[in-house]
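Reading through the structure tokens given below for one structure.
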Amino acid sequence: MKYFLTVFLLSLPVTLFSFNLDSLTSRPILEAHLITNPIKVDGVLSEEDWQRPGITEFTQREPIEGAKPSQRSEVWIGYDDEAIYVAARLYDDRPDSIVSRIGRRDAELNSDWFAVAFDSYHDRRTGFFFGVYPSGSILDGILYNDSWDDKSWDAVWDAATTIDNKGWTAEFRIPYSQLRFTEQNEYVWGVNIARSIERTKEELWYVMIPKKESGFVSHFADMIGIKNIHPPARIEILPYVVSSLKLTNQFEKGDPYNDGNKFFRNGGADIKLGLGSNLTLNATINPDFGQVEVDPAVVNLSQFETFFDEKRPFFIEGSNYFNFGYGGANNNYGFNWGNPDFFYSRRIGRQPQGDVQHEDGFQDYPDATTILGAAKLTGKIVEGWSLATVSALTQREYAKIDDGAGNRFDDVVEPLASYNIVRSLREFNEGRQALGIIGTAVFRDLNKPYLVNQYNQRSYAVGLDGWTNLDSDKEYVVTGWLASSMIKGTAEQMIDVQQSYLHYFQRPGQNYISVDSFKTSLSGYAGRFALNKEKGNIIFNTAFGFITPGFEVNDLGFQFRANTYNGHIVLGYRWYEPDGVFRRKSFQIATFRNYDFGGNKFGEGYFLFWNAQLMNYWNFGGQFSTNSPAYDLFSTRGGPLMTNPRSYHLGWYGSTDSRDRIVCELDLGGSRSESGGSYFEIEPGIEWKPTSGINFRFSTEFSRGLTTAQWVPDSNPVDDPTALSTYGKRYIFSRLDLNEMSARIRLDWTFTPKLSLQLFLQPLVSVGKYYGFKELAQAGTFTFNRYGENGSTISYIDSTDSYTVDPDGSGERNFSFSNPNFNDKYLRFNAVLRWEFLPGSTAFLVWTRSGDHSGNAGEFKFGRDFGNLLRAPNHEDVFLIKIAYWWQP
């Protein structure tokens with residue numbers, strides 16, 4: 001680690017001054033002209049400003065790189081005191097064959113399109129893009145890290161299109177209030193322009209970047225001509241009202257808190273305030289942080305937490321500013337690594353995590369934690385120096401309990417808490433080098449004695465990251481980050497943390513860490529360094545990372561692994577040129593290793609990946625991998641090490657031409673272990689586009705797995721001082737047959753670019769049958785003592801649906817555990833009607849249904865189980881209406 005850190009830090013100041021600031025001396029230059037007459041954004045292009053000669057020099061990137069376009073394009077860019085204007089005449093000798101699909105904002109459609117991107121900071125790293133389909137549907141977003149994009153940013157701008165006998169036209173008006181730039185007398189912005197012709201899969205670019213190159217914004221043309229404009233004062237106010245009704249049949253008669261329906265109403269406002277020309281402050285008054293889209297159903301049999309994507313607009317917009325440790329490179333591989341996320345915004349406003357103190361009686365437990373207020377500051381301090389902060393205060397939440405005897409209690413189940421993060425990144429030499437910092441802090445007011453042993457009182461994390469290119473052509477880049485963390489709480493809470501799945505300090509047989517019952521804090525360190533080849537046909541990437549046993553960022557971040565050293569190497573080759581059979585193809589080979597801080601190897605794998613696109617635009621690919629025998633740190637859930645036998649994995653996917661009205665997809669996967677375990681999954685899918693405004697997607701997945709050593713969840717492990725080979729505990733496992741079947745059905749029906757309906761349906765059936773119960777025979781092995789053999793006995797008790805085990809036949813050490821079989825069925829349905837009734841102003845009408853059913857544990861029958869799912873007796877319906885009005889004073 002010291003070697004990597006030394007090389008990284010010593011190379012940075014040398015390379016900061018070793019390159020020219022602009023190596024692209026042949027960069028194209030275009031001039032924006034001053035608009036002299038009012039522009040009506042209607043797509044007609046009748047104004048005098050659009051009659052002068054425009055930009056016509058475009059080059060194919062697809063399907064034949066460097067070829068001349070099959071159709072002519074002419075583009076104009078103008079400006080006035082308030083906005084940038086873009087007009088495009090997109091000629092087509094077959095206007096009746098223009099592919100014009102309609103979709104909601106930011107939808108990725110198989111359609112013709114036109115787009116323009118501006119690097120208004122002229123930093124060669126960031127920008128804004130605006131696009132439109134012939135139907136008038138729009139997309140926009142921001143560009144960062146030179147080639148990455150984020151469509152969560154939604155600007156308020158105007159676009160119009162028309163289709164005529166010459167082809168089609170597009171016209172934009174983009175107010176300066178939606179862009180960011182530093183005031184100057186004369187401006188130079190970066191710009192690029194693109195057009196797609198869907199029926200021929202043709203992509204035309206003003207600045208065509210070869211496929212072997214890396215980067216995007218750094219290649220933009222220079223746009224000159226803009227003079228005497230001023231960044232406007234930026235203030236936007238978005239008041240909202242929301243009302244919802246929850247109906248459920250999951251309540252008991254006499255429950256004073258739940259009679260089957262709950263009505264909720266709320267109102268508030270979001271405020272965006274420009275601080276100078278670069279920074280934006282987002283503040284909220286009584287914020288609405290409910291999400292419109294439903295989370296998918298999952299069945300998690302591991303000890304690890306399930307990660308769910310953020311769907312709340314306040315946290316999605318500008319989230320790229322908080323990326324840490326990923327910048328500078330266009331590939332960030334992570335074989336068996338699991339990079340810690342320092343900011344997992346779903347921690348804020350989550351469902352309370354505390355236990356009630358009065359368990360008997362009726363309970364009214366909150367579904368979520370109320371966010372009293374939140375503020376977000378994002379933008380740039382100066383050119384190349386970004387700053388982002390979020391601070392949120394969440395309310396103390398109570399569970400209400402009625403014991404049925406006239407006594408009522410209010411138990412605190414989530415303390416008052418403050419969540420804070422700051423992130424800053426300084427880039428140098430047009431992004432060839434960078435240094436950044438991140439810091440997080442969580443503070444909780446644990447005002448009840450029972451809370452101090454359930455929550456960390458304080459949590460801190462701080463990290464440094466950066467990158468440096470190793471050559472003037474930016475072919476190789478070294479990236480890296482280092483971080484430290486600290487959590488504080490009572491000694492009892494720290495014991496729980498040390499014994500949690502992330503740390504397992506209690507593991508017997510390890511001599512480098514152990515539970516310290518007097519600790520009131522826990523700290524750790526982590527870091528990762530990587531070398532990546534950015535462009536060319538050859539693929540190369542290697543990385544080394546470490547996370548110490550005490551590193552912990554889960555109070556505000558997301559981390560599922562600690563106590564690891566990890567390294568990998570990736571080699572591959574890409575062919576970009578069509579050869580008569582393939583349009584493009586590539587392969588990669590890779591290997592990785594994982595060790596814990598005791599030197600135990602718990603991961604070693606070898607991979608082969610391949611993918612290709614045929615000349616008819618069908619795609620396919622796959623992988624083969626093998627994992628060598630290694631230690632297993634996790635299966636005993638804090639118990640002694642086990643070993644994992646060698647295993648093999650094979651996967652394949654394919655899809656037909658995305659231009660077709662019906663597109664088919666197929667994913668296959670399978671694995672086998674030398675222990676006898678196996679897994680198989682098949683996921684066919686279809687996309688149907690019956691009209692220009694309807695898109696229907698259906699996919700179903702069936703998987704079947706046999707696990708030969710599955711942890712048995714109840715009363716495990718069992719204390720027994722005679723179990724000397726496993727340190728005085730018996731660790732119970734079994735074989736598990738797991739069958740899962742699910743479907744994802746999505747209908748997007750777009751009536752106009754401003755009005756759309758989205759339907760989502762996910763049924764899921766998961767059936768697990770446990771049998772062949774056994775215990776780990778010897779720590780550090782994959783050997784077991786099977787119950788019912790060698791004098792041991794096991795019997796099933798039908799009246800209690802449990803098993804009783806006599807592990808040695810003596811009758812003195814009997815123990816029992818519940819039958820772990822399950823048959824769980826879940827149904828998720830979501831309908832969202834979205835109407836943008838004015839620019840930036842939106843109304844939502846939402847219906848969400850959640851249902852579940854259990855029964856016939858361990859038995860999988862397709863017809864019966866799906867029938868029971870559709871008739872799920874436990875269900876909950878939520879009807880919601882929300883109206884938000886955008887106002888710019």
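The way I read the labels, and the way they are meant: chains A, B, ... in the order of the structure tokens, residue 1 as the first residue of every chain, and ligand 1 as the first ligand shown, with later ones counted on from there.
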Fewer than 5 positions away in the same chain doesn't count, so skip those; otherwise give me all residues within 8 Å of range 525-538 of chain A, counting only C-alpha atoms, as a PyMOL selection string. chain A and resi 4+212-214+329-331+474-485+543-548+550-551+571-576
Which neighbours of range 658-669 of chain A fall inside 9 Å, counting only C-alpha atoms, when residues of the same chain fewer than 4 positions from it are skipped, and could you give them as a compact mmCIF listing (two decimals) with N, CA, C and O atoms, in the first residue's frame?
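Okay, this is what ended up in out.txt:
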```
# COMPACT_ATOMS: atom_id res chain seq x y z
N ASN A 110 -35.95 4.15 -29.70
CA ASN A 110 -35.41 3.71 -30.99
C ASN A 110 -36.02 4.58 -32.07
O ASN A 110 -37.00 4.23 -32.73
N SER A 111 -35.44 5.75 -32.25
CA SER A 111 -36.01 6.78 -33.11
C SER A 111 -34.88 7.65 -33.65
O SER A 111 -33.76 7.66 -33.12
N GLU A 198 -32.34 6.48 -37.55
CA GLU A 198 -32.57 5.18 -36.93
C GLU A 198 -32.67 4.06 -37.96
O GLU A 198 -32.16 2.95 -37.72
N ARG A 199 -33.31 4.28 -39.07
CA ARG A 199 -33.55 3.17 -39.99
C ARG A 199 -32.26 2.61 -40.57
O ARG A 199 -32.19 1.45 -40.98
N LYS A 201 -29.29 3.13 -38.77
CA LYS A 201 -28.39 3.12 -37.61
C LYS A 201 -27.20 4.06 -37.85
O LYS A 201 -26.07 3.76 -37.47
N TYR A 617 -27.21 -6.33 -36.77
CA TYR A 617 -27.44 -5.64 -35.50
C TYR A 617 -28.02 -6.55 -34.42
O TYR A 617 -28.58 -6.08 -33.44
N TRP A 618 -27.85 -7.85 -34.58
CA TRP A 618 -28.13 -8.75 -33.47
C TRP A 618 -26.89 -8.75 -32.56
O TRP A 618 -25.75 -8.69 -33.03
N GLY A 622 -21.19 -13.53 -23.78
CA GLY A 622 -21.24 -14.50 -22.69
C GLY A 622 -19.99 -14.44 -21.85
O GLY A 622 -19.10 -13.60 -22.03
N HIS A 649 -18.82 -21.41 -13.79
CA HIS A 649 -19.97 -20.58 -14.13
C HIS A 649 -19.95 -20.30 -15.63
O HIS A 649 -18.89 -20.05 -16.21
N LEU A 650 -21.13 -20.32 -16.22
CA LEU A 650 -21.26 -20.08 -17.65
C LEU A 650 -22.49 -19.20 -17.88
O LEU A 650 -23.55 -19.42 -17.26
N GLY A 651 -22.36 -18.20 -18.73
CA GLY A 651 -23.49 -17.33 -19.04
C GLY A 651 -23.50 -16.95 -20.50
O GLY A 651 -22.47 -16.95 -21.19
N TRP A 652 -24.70 -16.65 -21.02
CA TRP A 652 -24.87 -16.26 -22.42
C TRP A 652 -26.06 -15.33 -22.52
O TRP A 652 -27.06 -15.47 -21.78
N TYR A 653 -25.96 -14.32 -23.38
CA TYR A 653 -27.11 -13.44 -23.64
C TYR A 653 -27.17 -13.14 -25.13
O TYR A 653 -26.17 -13.24 -25.85
N GLY A 654 -28.35 -12.77 -25.60
CA GLY A 654 -28.52 -12.40 -27.00
C GLY A 654 -29.74 -11.51 -27.15
O GLY A 654 -30.68 -11.55 -26.36
N TYR A 679 -26.73 -24.44 -10.23
CA TYR A 679 -27.66 -23.32 -10.41
C TYR A 679 -27.91 -23.15 -11.90
O TYR A 679 -27.01 -23.29 -12.73
N PHE A 680 -29.18 -22.85 -12.22
CA PHE A 680 -29.54 -22.59 -13.61
C PHE A 680 -30.59 -21.49 -13.64
O PHE A 680 -31.51 -21.47 -12.80
N GLU A 681 -30.47 -20.57 -14.60
CA GLU A 681 -31.48 -19.54 -14.77
C GLU A 681 -31.68 -19.26 -16.25
O GLU A 681 -30.74 -19.37 -17.05
N ILE A 682 -32.91 -18.93 -16.60
CA ILE A 682 -33.24 -18.54 -17.97
C ILE A 682 -34.16 -17.33 -17.88
O ILE A 682 -35.09 -17.30 -17.06
N GLU A 683 -33.88 -16.34 -18.70
CA GLU A 683 -34.67 -15.12 -18.67
C GLU A 683 -34.95 -14.66 -20.11
O GLU A 683 -34.17 -13.93 -20.70
N PRO A 684 -36.05 -15.11 -20.69
CA PRO A 684 -36.45 -14.59 -22.00
C PRO A 684 -37.21 -13.27 -21.84
O PRO A 684 -37.86 -13.02 -20.81
N GLY A 685 -37.12 -12.43 -22.85
CA GLY A 685 -37.82 -11.16 -22.80
C GLY A 685 -38.23 -10.72 -24.19
O GLY A 685 -37.68 -11.17 -25.21
N ILE A 686 -39.22 -9.84 -24.23
CA ILE A 686 -39.71 -9.32 -25.49
C ILE A 686 -40.06 -7.85 -25.31
O ILE A 686 -40.56 -7.44 -24.26
N GLU A 687 -39.76 -7.06 -26.32
CA GLU A 687 -40.18 -5.67 -26.38
C GLU A 687 -41.04 -5.49 -27.63
O GLU A 687 -40.63 -5.86 -28.73
N TRP A 688 -42.21 -4.93 -27.43
CA TRP A 688 -43.16 -4.75 -28.53
C TRP A 688 -43.51 -3.28 -28.64
O TRP A 688 -43.88 -2.64 -27.65
N LYS A 689 -43.39 -2.76 -29.87
CA LYS A 689 -43.67 -1.35 -30.14
C LYS A 689 -44.79 -1.27 -31.18
O LYS A 689 -44.53 -1.06 -32.37
N PRO A 690 -46.05 -1.47 -30.77
CA PRO A 690 -47.14 -1.54 -31.74
C PRO A 690 -47.43 -0.20 -32.41
O PRO A 690 -47.89 -0.17 -33.55
N THR A 691 -47.22 0.90 -31.70
CA THR A 691 -47.42 2.24 -32.26
C THR A 691 -46.25 3.10 -31.84
O THR A 691 -45.41 2.70 -31.03
N SER A 699 -40.58 -9.58 -19.51
CA SER A 699 -39.51 -10.55 -19.31
C SER A 699 -39.89 -11.43 -18.14
O SER A 699 -40.55 -10.98 -17.19
N GLU A 701 -38.28 -14.64 -15.56
CA GLU A 701 -37.05 -15.31 -15.13
C GLU A 701 -37.41 -16.52 -14.29
O GLU A 701 -38.22 -16.43 -13.35
```
Helix (DSSP H, G or I) per DSSP on the backbone: members of range 485-577 of chain A, as an MDAnalysis selection string: chainID A and resid 491:498
Just the residues within 6 Å of Asn611 in chain A, please, counting only C-alpha atoms, with nothing from its chain fewer than 5 positions along; format it as a PyMOL selection string. chain A and resi 585-586+620-621
Could you build a table of the residues in range 341-402 of chain A lying no more than 9 Å from range 238-258 of chain A, giving for each the nearest pair of atoms and their separation in Å rounded to one decimal place, using only C-alpha atoms, ordered by chain and ascending residue number, as a tab-separated table?
```
residue	atom	partner	partner_atom	distance
A:Gly361	CA	A:Asp255	CA	8.9
A:Phe362	CA	A:Asp255	CA	6.1
A:Gln363	CA	A:Tyr257	CA	7.2
A:Asp364	CA	A:Tyr257	CA	5.9
A:Lys400	CA	A:Tyr257	CA	8.2
A:Ile401	CA	A:Tyr257	CA	8.8
A:Asp402	CA	A:Pro256	CA	7.8
```
Ranking A:Lys825, A:Asn830, A:Phe181, A:Thr783 by minimum distance to Asn868 in chain A and counting only C-alpha atoms, which one comes first?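 Closest candidate: A:Lys825.
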Do you know which residues are at most 9 Å from range 498-505 of chain A counting only C-alpha atoms, after dropping those on the same chain fewer than 2 positions away, and could you put them as a list in words?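 Once the adjacent positions are removed, what remains is Gln303, Phe304, Gln493, Met494, Ile495, Asp496, Arg507, Pro508, Gln510, Ile513, Ser514, Val515, Asp516, Leu522, Pro549, Gly550, Phe551, Glu552, Gln559, Phe560, Arg561, Ala562, Asn563, Phe634, Arg637, Gly638 and Gly639 of chain A.
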Quick one: write out the picked residues with N, CA, C and O atoms as a compact mmCIF listing (two decimals), in the first residue's frame?
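Wrote it out as again-v3.txt, contents follow:
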```
# COMPACT_ATOMS: atom_id res chain seq x y z
N GLN A 303 -26.77 -12.74 4.66
CA GLN A 303 -26.70 -11.80 5.78
C GLN A 303 -26.48 -10.38 5.30
O GLN A 303 -26.48 -9.44 6.10
N PHE A 304 -26.32 -10.18 3.99
CA PHE A 304 -25.97 -8.87 3.47
C PHE A 304 -27.22 -8.06 3.15
O PHE A 304 -28.26 -8.59 2.76
N GLN A 493 -23.26 -0.99 22.22
CA GLN A 493 -23.52 -0.80 20.80
C GLN A 493 -22.30 -1.15 19.97
O GLN A 493 -22.41 -1.76 18.90
N MET A 494 -21.10 -0.83 20.46
CA MET A 494 -19.89 -1.16 19.71
C MET A 494 -19.66 -2.67 19.67
O MET A 494 -19.11 -3.19 18.69
N ILE A 495 -20.09 -3.38 20.72
CA ILE A 495 -20.01 -4.84 20.66
C ILE A 495 -20.88 -5.37 19.54
O ILE A 495 -20.48 -6.24 18.76
N ASP A 496 -22.11 -4.83 19.43
CA ASP A 496 -23.01 -5.26 18.35
C ASP A 496 -22.40 -4.98 16.99
O ASP A 496 -22.51 -5.79 16.06
N ARG A 507 -15.08 -13.94 15.36
CA ARG A 507 -14.76 -15.20 14.69
C ARG A 507 -13.69 -15.97 15.47
O ARG A 507 -12.59 -15.45 15.71
N PRO A 508 -13.98 -17.21 15.87
CA PRO A 508 -12.96 -17.98 16.60
C PRO A 508 -11.82 -18.40 15.68
O PRO A 508 -12.01 -18.59 14.48
N GLN A 510 -9.15 -16.65 14.86
CA GLN A 510 -8.38 -15.57 14.25
C GLN A 510 -7.63 -14.83 15.36
O GLN A 510 -8.17 -14.56 16.44
N ILE A 513 -7.68 -9.89 15.15
CA ILE A 513 -8.74 -9.02 15.64
C ILE A 513 -9.60 -9.82 16.61
O ILE A 513 -9.67 -11.05 16.53
N SER A 514 -10.25 -9.11 17.53
CA SER A 514 -11.17 -9.73 18.47
C SER A 514 -12.10 -8.66 18.99
O SER A 514 -11.85 -7.46 18.84
N VAL A 515 -13.19 -9.08 19.60
CA VAL A 515 -14.15 -8.15 20.17
C VAL A 515 -13.56 -7.49 21.40
O VAL A 515 -13.04 -8.17 22.29
N ASP A 516 -13.60 -6.18 21.43
CA ASP A 516 -13.17 -5.40 22.59
C ASP A 516 -14.43 -4.86 23.26
O ASP A 516 -15.08 -3.96 22.73
N LEU A 522 -15.10 2.85 16.97
CA LEU A 522 -14.49 1.90 16.04
C LEU A 522 -14.02 2.68 14.82
O LEU A 522 -14.76 3.51 14.28
N PRO A 549 -10.42 -4.16 8.88
CA PRO A 549 -11.57 -4.77 9.57
C PRO A 549 -12.50 -3.78 10.26
O PRO A 549 -13.70 -4.05 10.38
N GLY A 550 -12.00 -2.61 10.69
CA GLY A 550 -12.84 -1.67 11.43
C GLY A 550 -13.47 -0.58 10.59
O GLY A 550 -14.16 0.29 11.14
N PHE A 551 -13.28 -0.60 9.28
CA PHE A 551 -13.84 0.44 8.43
C PHE A 551 -15.35 0.28 8.34
O PHE A 551 -15.86 -0.81 8.12
N GLU A 552 -16.08 1.40 8.49
CA GLU A 552 -17.55 1.35 8.55
C GLU A 552 -18.12 2.69 8.13
O GLU A 552 -17.86 3.72 8.76
N GLN A 559 -21.98 -0.16 2.45
CA GLN A 559 -20.78 -0.99 2.45
C GLN A 559 -21.19 -2.39 2.86
O GLN A 559 -21.90 -2.58 3.84
N PHE A 560 -20.75 -3.40 2.11
CA PHE A 560 -21.10 -4.77 2.47
C PHE A 560 -19.88 -5.64 2.74
O PHE A 560 -20.02 -6.83 3.00
N ARG A 561 -18.68 -5.04 2.71
CA ARG A 561 -17.49 -5.86 2.95
C ARG A 561 -16.41 -5.02 3.62
O ARG A 561 -16.22 -3.85 3.30
N ALA A 562 -15.72 -5.63 4.57
CA ALA A 562 -14.54 -5.06 5.19
C ALA A 562 -13.51 -6.19 5.31
O ALA A 562 -13.74 -7.30 4.82
N ASN A 563 -12.38 -5.90 5.94
CA ASN A 563 -11.38 -6.93 6.20
C ASN A 563 -10.96 -7.63 4.91
O ASN A 563 -11.07 -8.85 4.77
N PHE A 634 -17.94 -16.09 5.35
CA PHE A 634 -19.26 -15.55 5.64
C PHE A 634 -20.32 -16.59 5.99
O PHE A 634 -21.28 -16.26 6.69
N ARG A 637 -21.63 -17.05 9.53
CA ARG A 637 -22.20 -15.85 10.14
C ARG A 637 -21.45 -15.45 11.42
O ARG A 637 -22.05 -15.24 12.47
N GLY A 638 -20.14 -15.33 11.31
CA GLY A 638 -19.33 -14.96 12.46
C GLY A 638 -18.67 -16.13 13.14
O GLY A 638 -17.92 -15.94 14.11
N GLY A 639 -18.93 -17.33 12.67
CA GLY A 639 -18.29 -18.52 13.21
C GLY A 639 -16.95 -18.75 12.54
O GLY A 639 -16.39 -17.87 11.88
```
Skipping near chain neighbours, those fewer than 4 positions away, what residues fall within 8 Å of Ala388 in chain A using only C-alpha atoms, listed as a ChimeraX atom specification? /A:321-322,376-379,422-424
